[in-house]
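Asks: I'd like to ask some things about the structure below.
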Amino acid sequence: MTTIYLMRHSQAEKNIDYTSIDEDFESVNKQFILSIDGEKKAYKYSKLKELSNLNMIVSSNYVRAIATAKYISSINKKTVIVDSLFDERKFGIKDKTKLPADFFKKQFLNHDYKLKGGESFDDVKSRTIKGLIKVIKANVSKKALIVTHSSAITFMLSKWCDVEYNSRYIIRYKDKVIIDGFSAPDLIELKFNEKNKLVKIRRVEIKNKK
């Protein structure tokens, strides 16, 4: 059995104003660091038994994801492999205020909908599944972790799950709700058999997330 953990990055710092620098939203979005609480939560999650004895740790190319992975990397004595296949969805905007108010709903109603220069639901699904297959093949009968983003996880899991958006992401597997709104961080366990077929999904429940 191959076990892959999908982890949403820990809580990002919101009290930073980037408006005075001449960079577009996509560049700024990659730079968000973890908040003080986010650092504490990332450290706490690194102690989970599920995240011990990992064979591989992969992260998106976003600071908040790499910063979350670093604690787990330290405990497992593994290098964090940065792979842009697990990056956040590209919105295709230079200014965050230019994002249409109904953007998220439209992407769920129409999986091909995207802004110029951005990615659709199916674009993100395709690249994250490509990345997941690569990680599975490199970790047969072992455990690996991918630190990524809530939209990337949701769109990826739509291959096996029913997903919807109603001001938050809701994911169902075999009619059971796995996610009803993401936490930051959050952790989902995927089990694949010897034929690389998904046989189980569960959310790793943390009693005290503080």
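For the structure tokens, the naming scheme is as follows: chains receive sequential letters (A, B, ...) according to their order of presentation, residues are indexed from 1 within each chain, and ligands are indexed from 1 in presentation order.
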Can you build me a table of stretch 76-170 of chain A residues sitting at most 9 Å from stretch 10-27 of chain A, with the closest atom pair per residue and its distance in Å to one decimal, using only C-alpha atoms, sorted by chain and residue number, as a Markdown table?

Replies:
```
| residue | atom | partner | partner_atom | distance |
| --- | --- | --- | --- | --- |
| A:Lys90 | CA | A:Glu26 | CA | 6.9 |
| A:Phe91 | CA | A:Glu26 | CA | 7.3 |
| A:Gly92 | CA | A:Glu26 | CA | 7.5 |
| A:Ile93 | CA | A:Phe25 | CA | 6.4 |
| A:Lys94 | CA | A:Asp24 | CA | 4.3 |
| A:Asp95 | CA | A:Phe25 | CA | 5.5 |
| A:Lys96 | CA | A:Phe25 | CA | 6.0 |
```

Asks: Put those residues in a file: C-alpha atoms, as a compact mmCIF listing (two decimals), in the first residue's frame.

Replies:
```txt
# COMPACT_ATOMS: atom_id res chain seq x y z
CA LYS A 90 -3.01 30.96 -11.33
CA PHE A 91 -5.71 33.61 -11.30
CA GLY A 92 -4.51 35.62 -14.30
CA ILE A 93 -4.80 39.02 -12.62
CA LYS A 94 -2.26 41.73 -11.85
CA ASP A 95 -4.43 43.35 -9.19
CA LYS A 96 -6.36 41.27 -6.65
```

Asks: To test your reading of the structure, identify every residue in chain A that backbone DSSP assigns to strand (DSSP E or B), and report it as a short mmCIF file (atom, residue, chain, number, x, y, z; two decimals) with N, CA and C atoms, in the first residue's frame.

Replies:
```cif
data_model
loop_
_atom_site.label_atom_id
_atom_site.label_comp_id
_atom_site.auth_asym_id
_atom_site.auth_seq_id
_atom_site.Cartn_x
_atom_site.Cartn_y
_atom_site.Cartn_z
N THR A 2 0.58 2.19 -0.88
CA THR A 2 1.29 3.47 -0.95
C THR A 2 0.44 4.55 -0.29
N THR A 3 1.05 5.30 0.59
CA THR A 3 0.33 6.35 1.31
C THR A 3 0.86 7.72 0.91
N ILE A 4 -0.05 8.57 0.44
CA ILE A 4 0.30 9.94 0.08
C ILE A 4 -0.52 10.89 0.96
N TYR A 5 0.16 11.80 1.60
CA TYR A 5 -0.52 12.82 2.40
C TYR A 5 -0.56 14.13 1.62
N LEU A 6 -1.74 14.72 1.54
CA LEU A 6 -1.92 16.04 0.95
C LEU A 6 -2.13 17.02 2.09
N MET A 7 -1.26 17.99 2.18
CA MET A 7 -1.34 18.94 3.29
C MET A 7 -1.55 20.36 2.76
N ARG A 8 -2.59 20.99 3.26
CA ARG A 8 -2.74 22.41 2.97
C ARG A 8 -1.76 23.16 3.88
N ALA A 12 -1.32 31.69 6.84
CA ALA A 12 -0.46 32.74 6.29
C ALA A 12 -0.66 34.06 7.03
N LEU A 34 4.24 32.63 6.67
CA LEU A 34 3.34 32.15 7.72
C LEU A 34 3.25 33.18 8.84
N MET A 56 9.48 10.84 1.13
CA MET A 56 9.64 12.02 0.28
C MET A 56 8.75 13.15 0.78
N ILE A 57 9.24 14.37 0.68
CA ILE A 57 8.46 15.56 1.03
C ILE A 57 8.52 16.51 -0.16
N VAL A 58 7.35 16.86 -0.68
CA VAL A 58 7.25 17.73 -1.86
C VAL A 58 6.43 18.95 -1.48
N SER A 59 6.79 20.10 -2.02
CA SER A 59 6.06 21.33 -1.74
C SER A 59 5.83 22.12 -3.02
N VAL A 80 13.23 19.07 1.18
CA VAL A 80 11.95 19.44 0.57
C VAL A 80 12.16 19.62 -0.93
N ILE A 81 11.44 18.85 -1.71
CA ILE A 81 11.51 18.95 -3.17
C ILE A 81 10.43 19.92 -3.63
N VAL A 82 10.83 21.02 -4.24
CA VAL A 82 9.88 22.02 -4.71
C VAL A 82 9.43 21.67 -6.13
N LYS A 143 5.62 6.05 2.19
CA LYS A 143 4.82 7.22 2.54
C LYS A 143 5.47 8.48 2.01
N ALA A 144 4.65 9.40 1.49
CA ALA A 144 5.15 10.68 1.00
C ALA A 144 4.17 11.79 1.36
N LEU A 145 4.68 13.00 1.40
CA LEU A 145 3.87 14.17 1.73
C LEU A 145 3.97 15.21 0.63
N ILE A 146 2.81 15.79 0.28
CA ILE A 146 2.76 16.91 -0.65
C ILE A 146 2.14 18.09 0.08
N VAL A 147 2.88 19.19 0.22
CA VAL A 147 2.34 20.40 0.85
C VAL A 147 1.92 21.36 -0.26
N THR A 148 0.65 21.68 -0.27
CA THR A 148 0.10 22.45 -1.39
C THR A 148 -1.01 23.38 -0.90
N ASP A 162 -16.73 13.95 -5.26
CA ASP A 162 -17.65 15.02 -5.63
C ASP A 162 -17.21 16.27 -4.88
N VAL A 163 -17.07 17.37 -5.61
CA VAL A 163 -16.63 18.60 -4.97
C VAL A 163 -17.61 19.73 -5.29
N GLU A 164 -17.70 20.66 -4.38
CA GLU A 164 -18.54 21.82 -4.61
C GLU A 164 -17.98 23.02 -3.87
N TYR A 165 -18.47 24.17 -4.25
CA TYR A 165 -18.04 25.41 -3.59
C TYR A 165 -19.27 26.19 -3.18
N TYR A 169 -14.86 25.12 0.34
CA TYR A 169 -14.76 23.88 -0.42
C TYR A 169 -15.38 22.72 0.37
N ILE A 170 -16.18 21.92 -0.33
CA ILE A 170 -16.78 20.73 0.26
C ILE A 170 -16.41 19.54 -0.63
N ILE A 171 -15.83 18.51 0.00
CA ILE A 171 -15.36 17.33 -0.74
C ILE A 171 -16.01 16.08 -0.16
N ARG A 172 -16.62 15.27 -1.03
CA ARG A 172 -17.26 14.02 -0.61
C ARG A 172 -16.62 12.84 -1.35
N TYR A 173 -16.34 11.78 -0.59
CA TYR A 173 -15.81 10.56 -1.18
C TYR A 173 -16.75 9.41 -0.81
N LYS A 176 -19.49 10.32 1.55
CA LYS A 176 -19.10 10.77 2.89
C LYS A 176 -18.32 12.07 2.78
N VAL A 177 -18.70 13.07 3.59
CA VAL A 177 -18.00 14.35 3.56
C VAL A 177 -16.62 14.19 4.18
N ILE A 178 -15.59 14.47 3.38
CA ILE A 178 -14.21 14.42 3.85
C ILE A 178 -13.78 15.81 4.35
N ILE A 179 -14.12 16.82 3.57
CA ILE A 179 -13.79 18.20 3.91
C ILE A 179 -15.03 19.06 3.79
N ASP A 180 -15.30 19.83 4.81
CA ASP A 180 -16.37 20.84 4.77
C ASP A 180 -15.75 22.15 5.23
N ASP A 186 -4.16 21.68 7.06
CA ASP A 186 -5.10 20.57 7.01
C ASP A 186 -4.37 19.39 6.38
N LEU A 187 -4.84 18.18 6.68
CA LEU A 187 -4.12 17.00 6.22
C LEU A 187 -5.09 15.91 5.77
N ILE A 188 -4.87 15.40 4.56
CA ILE A 188 -5.69 14.33 3.99
C ILE A 188 -4.80 13.17 3.61
N GLU A 189 -5.23 11.97 3.97
CA GLU A 189 -4.47 10.75 3.69
C GLU A 189 -5.10 10.00 2.52
N LEU A 190 -4.28 9.65 1.54
CA LEU A 190 -4.72 8.85 0.39
C LEU A 190 -3.98 7.52 0.42
N LYS A 191 -4.71 6.42 0.21
CA LYS A 191 -4.11 5.09 0.15
C LYS A 191 -4.30 4.53 -1.26
N PHE A 192 -3.21 4.03 -1.85
CA PHE A 192 -3.24 3.43 -3.18
C PHE A 192 -2.76 1.99 -3.11
N LEU A 198 -6.70 4.25 -6.15
CA LEU A 198 -7.09 4.82 -4.87
C LEU A 198 -8.10 3.91 -4.18
N VAL A 199 -7.83 3.58 -2.92
CA VAL A 199 -8.73 2.69 -2.18
C VAL A 199 -9.28 3.34 -0.90
N LYS A 200 -8.68 4.46 -0.48
CA LYS A 200 -9.15 5.08 0.76
C LYS A 200 -8.74 6.55 0.82
N ILE A 201 -9.65 7.37 1.33
CA ILE A 201 -9.34 8.77 1.64
C ILE A 201 -9.86 9.05 3.04
N ARG A 202 -9.05 9.73 3.83
CA ARG A 202 -9.54 10.21 5.12
C ARG A 202 -8.86 11.52 5.50
N ARG A 203 -9.59 12.34 6.20
CA ARG A 203 -9.01 13.55 6.77
C ARG A 203 -8.39 13.17 8.11
#
```

Asks: Rank nothing, just name the residue among A:Arg89, A:Lys134, A:Lys98, A:Lys195 nearest to A:Asn61, using only C-alpha atoms.

Replies: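 That would be A:Arg89, the residue with the smallest distance to A:Asn61.
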
Asks: Could you tell me how far atom CA of A:Ser183 lies from atom CA of A:Val204, in Å and to one decimal?

Replies: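 According to the coordinates, atom CA of A:Ser183 and atom CA of A:Val204 are separated by 11.4 Å.
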
Asks: Which of these, A:Ala152, A:Gln31, A:Lys137, A:Ser167, has the shortest distance to A:Phe103 once you count only C-alpha atoms?

Replies: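 Between A:Ala152, A:Gln31, A:Lys137, A:Ser167, the residue approaching A:Phe103 most closely is A:Ser167.
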
Asks: One decimal, Å: what's the distance from atom CA of A:Leu85 over to atom CA of A:Asp102, could you say?

Replies: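 That distance, rounded to one decimal, is 25.8 Å.
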
Asks: Among the residues of stretch 54-156 of chain A, find those DSSP assigns to helix (DSSP H, G or I) from the backbone and print them as an NGL selection string.

Replies: :A and (63-76 or 84-86 or 96-98 or 103-109 or 121-138 or 150-156)

Asks: Could you write those residues out with C-alpha atoms, as a PDB file, in the first residue's frame?

Replies:
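And here is the file that came out, out-v2.pdb:
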```pdb
ATOM      1  CA  VAL A  63       6.748  30.460   0.516  1.00  0.00           C
ATOM      2  CA  ARG A  64       3.871  29.516   2.834  1.00  0.00           C
ATOM      3  CA  ALA A  65       3.948  25.899   1.622  1.00  0.00           C
ATOM      4  CA  ILE A  66       7.732  25.544   1.860  1.00  0.00           C
ATOM      5  CA  ALA A  67       7.647  27.192   5.308  1.00  0.00           C
ATOM      6  CA  THR A  68       5.096  24.598   6.427  1.00  0.00           C
ATOM      7  CA  ALA A  69       7.141  21.721   5.023  1.00  0.00           C
ATOM      8  CA  LYS A  70      10.396  22.758   6.698  1.00  0.00           C
ATOM      9  CA  TYR A  71       9.414  21.431  10.138  1.00  0.00           C
ATOM     10  CA  ILE A  72       8.428  18.050   8.730  1.00  0.00           C
ATOM     11  CA  SER A  73      11.613  18.031   6.669  1.00  0.00           C
ATOM     12  CA  SER A  74      13.720  18.600   9.770  1.00  0.00           C
ATOM     13  CA  ILE A  75      12.108  15.770  11.760  1.00  0.00           C
ATOM     14  CA  ASN A  76      12.266  13.312   8.859  1.00  0.00           C
ATOM     15  CA  SER A  84       5.451  23.829  -9.356  1.00  0.00           C
ATOM     16  CA  LEU A  85       2.965  21.139 -10.439  1.00  0.00           C
ATOM     17  CA  PHE A  86       1.470  21.613  -6.960  1.00  0.00           C
ATOM     18  CA  LYS A  96      -6.361  41.267  -6.652  1.00  0.00           C
ATOM     19  CA  THR A  97      -9.232  43.776  -6.715  1.00  0.00           C
ATOM     20  CA  LYS A  98      -9.803  42.922 -10.394  1.00  0.00           C
ATOM     21  CA  PHE A 103     -15.063  34.022 -10.024  1.00  0.00           C
ATOM     22  CA  PHE A 104     -14.980  30.992  -7.683  1.00  0.00           C
ATOM     23  CA  LYS A 105     -18.586  30.011  -8.361  1.00  0.00           C
ATOM     24  CA  LYS A 106     -18.066  30.326 -12.116  1.00  0.00           C
ATOM     25  CA  GLN A 107     -15.063  27.982 -12.006  1.00  0.00           C
ATOM     26  CA  PHE A 108     -17.143  25.310 -10.310  1.00  0.00           C
ATOM     27  CA  LEU A 109     -20.052  25.704 -12.717  1.00  0.00           C
ATOM     28  CA  PHE A 121     -10.505  24.077 -12.783  1.00  0.00           C
ATOM     29  CA  ASP A 122      -9.511  21.428 -15.331  1.00  0.00           C
ATOM     30  CA  ASP A 123      -6.096  23.025 -15.955  1.00  0.00           C
ATOM     31  CA  VAL A 124      -5.243  22.755 -12.257  1.00  0.00           C
ATOM     32  CA  LYS A 125      -6.716  19.260 -12.011  1.00  0.00           C
ATOM     33  CA  SER A 126      -4.613  18.066 -14.933  1.00  0.00           C
ATOM     34  CA  ARG A 127      -1.284  19.391 -13.649  1.00  0.00           C
ATOM     35  CA  THR A 128      -1.805  18.305 -10.025  1.00  0.00           C
ATOM     36  CA  ILE A 129      -2.803  14.783 -11.090  1.00  0.00           C
ATOM     37  CA  LYS A 130       0.334  14.689 -13.224  1.00  0.00           C
ATOM     38  CA  GLY A 131       2.367  15.637 -10.168  1.00  0.00           C
ATOM     39  CA  LEU A 132       0.562  13.133  -7.953  1.00  0.00           C
ATOM     40  CA  ILE A 133       1.227  10.258 -10.354  1.00  0.00           C
ATOM     41  CA  LYS A 134       4.906  11.186 -10.354  1.00  0.00           C
ATOM     42  CA  VAL A 135       5.022  11.127  -6.537  1.00  0.00           C
ATOM     43  CA  ILE A 136       3.140   7.804  -6.337  1.00  0.00           C
ATOM     44  CA  LYS A 137       5.555   6.129  -8.761  1.00  0.00           C
ATOM     45  CA  ALA A 138       8.543   7.375  -6.748  1.00  0.00           C
ATOM     46  CA  SER A 150      -6.771  24.106  -0.821  1.00  0.00           C
ATOM     47  CA  SER A 151      -7.797  24.731  -4.430  1.00  0.00           C
ATOM     48  CA  ALA A 152      -5.063  22.438  -5.756  1.00  0.00           C
ATOM     49  CA  ILE A 153      -6.160  19.681  -3.364  1.00  0.00           C
ATOM     50  CA  THR A 154      -9.851  20.144  -4.199  1.00  0.00           C
ATOM     51  CA  PHE A 155      -9.383  20.142  -7.960  1.00  0.00           C
ATOM     52  CA  MET A 156      -7.024  17.149  -7.769  1.00  0.00           C
TER      53      MET A 156
END
```

Asks: Rank A:His9, A:Pro100, A:Glu205, A:Leu115 by their smallest atom-to-atom distance to A:Gly38, using only C-alpha atoms, and report the top residue only.

Replies: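 Closest to A:Gly38, using only C-alpha atoms: A:His9.
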
Asks: Restricting the calculation to only C-alpha atoms: of A:Lys114, A:Pro185, A:Tyr62, A:Leu51, which residue gets closest to A:Phe32?

Replies: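 Among A:Lys114, A:Pro185, A:Tyr62, A:Leu51, it is A:Tyr62 that comes nearest to A:Phe32.
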
Asks: Rounded to one decimal in Å, what is the spacing between atom CA of A:Asp87 and atom CA of A:Gly117?

Replies: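 According to the coordinates, atom CA of A:Asp87 and atom CA of A:Gly117 are separated by 15.1 Å.
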
Asks: Ranking A:Ser120, A:Asn29, A:Ser46, A:Asn55 by minimum distance to A:His149 and counting only C-alpha atoms, which one comes first?

Replies: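 Under the stated criterion, the closest residue is A:Asn29.
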